[in-house]
Amino acid sequence: MIRELSVVIAGDDRHLGHVLSEIRKIKFVPIHLEIARPAQLKETLGRMHPHLVIYDTDGDTNSILKTATQMGNEFAEVQWAVVSKETDVDLILQFFRSGAIDFLKDPIQADDLKRLIQNVLDKVNDRDSSAKDDEHHTIALFSTKGGVGLTTIASNLAVEFAKKHSNDVLLLDLVLQHGNIADVLDLGLQYSLTDVIENFERLDAKLLANSLMKHKSGCYVLPSTKKPDDVEVVTSSHTAEIFQFLKGMFRYVITDVGHEFSRTSISFLDIADLILLVTTPDVLSLVNTRNAVDTFKQLGYSPDKIKLVLNRARMKGEIDPSLIKKNFAMEIFCELADDPITCLNAINQGKVLSELDKNAGVSKGVQRLGQLVSELQKKGTAHVAQRTSC
Ligand SMILES: Nc1ncnc2c1ncn2[C@@H]1O[C@H](COP(=O)(O)OP(=O)(O)OP(=O)(O)O)[C@@H](O)[C@H]1O
Ligand SMILES: [Mg+2]
């Protein structure tokens, strides 16, 4: 997934003020921008291999057509477009025949520029995501009862993904009032969702990137609010917009959605490709989980979108898993063993489970959960898996 679009503006910098100011207004993707005079262009393209070159013809249309064609032959992977006052249809056609992907009218219009950048972004992302595995994935962890292990599983799963996709995983804490992802991962609470929302008016991908924390596994983290009162300022439209940015920045967004059906949580569950519905083998948790499944049905979610994760399997006094299966009419996607000592030690020592004891049942369970989710994503469609012992 591309994080920054590199763009070269070719032309005389004395005439580029308007193009530059318009391009700097683009917020939906960070842009690394360089200006190159025609004489320096070849060196700049050779060094930078940008995603896009925008040629400002500044009246010198024929010579720019020649240069752009030459550069297009030499740097075939670089997309290029033209800004010109030229209205002659034959000449414009010549640009397109030579490989231009767009011809923008001078003075450049904000909407035209946005369209061009989005077009290049789509092409680059298409190119990068030829394999299904490269697509964006949004995974929501949810339960309708507290204390079932949601935060433990979400944070350890994100770290599991980061082992393979370092820097491409974001762990988002949507438990607005008492989210403790940052505590589980032993990160001091430097930034949080509150900071992002405080700067919402000037939000762009760069600002968001600067508001994230990073765990040593390579997983980025956006913790929830700093204090319970802050929850008042968070709205579902904030989170929806923040999520749009995150989607463009990370291949995996793994979210602790918490235990409540609220506007914010539902708006996130709506857009998730996969909901891991976590339950434990006790009556209260199972009753609540069954209610959650009914609510998902009412919300119109496809059954394939929801996978049941049984945490604390084989805990003392557990309800027989065969009864769980019968009551849910739904397979258990993955089980994680009951292991209070490992879980408690991990939290108390500020370590993730695999770091504390990679051979513990619960650590292997998280690893297996990661594998099963990856397999689903590779298939590109959710499958009801067989009950899996971990
Ligand atoms: N597989 C497990 N075996 C034993 N204990 C576990 C397991 N998973 C989690 N726990 C423990 O259960 C407790 C609750 O876990 P966690 O905070 O992850 O749950 P939660 O659903 O996020 O809770 P909350 O309602 O507070 O958000 C913690 O003490 C954790 O160590
Ligand atoms: Mg929690």
# chains A, B, ... in the order shown; residues from 1 in each chain; ligands from 1
call {"tool": "residues_near_ligand", "arguments": {"ligand": "ligand 2", "cutoff": "9 Å", "atoms": "only C-alpha atoms and all ligand atoms", "output": "ChimeraX atom specification"}}
result
/A:146-152,154,173,175,178-181,256-259
call {"tool": "select_by_dssp", "arguments": {"residues": "segment 162-333 of chain A", "states": "helix (DSSP H, G or I)", "output": "NGL selection string"}}
result
:A and (162-164 or 181-184 or 193-198 or 200-202 or 205-210 or 228-233 or 236-249 or 263-271 or 283-298 or 303-305 or 321-328)
call {"tool": "residues_around", "arguments": {"residues": "His18 of chain A", "least_positions_apart": "4", "cutoff": "9 Å", "atoms": "only C-alpha atoms", "output": "tab-separated table (two decimals) with N, CA and C atoms, in the first residue's frame"}}
result
chain	number	residue	atom	x	y	z
A	22	GLU	N	-1.70	24.63	-5.39
A	22	GLU	CA	-2.84	23.70	-5.49
A	22	GLU	C	-2.43	22.29	-5.06
A	23	ILE	N	-1.25	21.88	-5.45
A	23	ILE	CA	-0.82	20.51	-5.12
A	23	ILE	C	-0.59	20.37	-3.61
A	107	PRO	N	-5.13	28.15	-16.01
A	107	PRO	CA	-4.68	27.81	-14.67
A	107	PRO	C	-5.35	26.53	-14.14
A	108	ILE	N	-4.55	25.77	-13.46
A	108	ILE	CA	-4.99	24.45	-13.02
A	108	ILE	C	-6.13	24.58	-12.00
call {"tool": "closest_residue", "arguments": {"among": "A:Lys66, A:Lys114, A:His51, A:His215", "to": "Pro38 of chain A", "atoms": "only C-alpha atoms"}}
result
A:Lys66
call {"tool": "closest_residue", "arguments": {"among": "A:Leu41, A:Ile332, A:Leu174, A:Ala209", "to": "ligand 1", "atoms": "only C-alpha atoms and all ligand atoms"}}
result
A:Leu174
call {"tool": "atom_distance", "arguments": {"atom1": "atom CA of Asp282 of chain A", "atom2": "atom CA of Ile319 of chain A"}}
result
5.9 Å
call {"tool": "closest_residue", "arguments": {"among": "A:Phe103, A:Tyr55, A:Phe142, A:Phe261", "to": "ligand 1", "atoms": "only C-alpha atoms and all ligand atoms"}}
result
A:Phe142
call {"tool": "select_by_dssp", "arguments": {"residues": "segment 214-366 of chain A", "states": "strand (DSSP E)", "output": "ChimeraX atom specification"}}
result
/A:214,220-222,252-258,274-279,306-313,332-337
call {"tool": "closest_residue", "arguments": {"among": "A:Ala240, A:Ile341, A:Leu185, A:Ile271", "to": "ligand 1", "atoms": "only C-alpha atoms and all ligand atoms"}}
result
A:Ile341
call {"tool": "residues_around", "arguments": {"residues": "Lys145 of chain A", "least_positions_apart": "6", "cutoff": "12 Å", "atoms": "only C-alpha atoms", "output": "count of residues only"}}
result
20
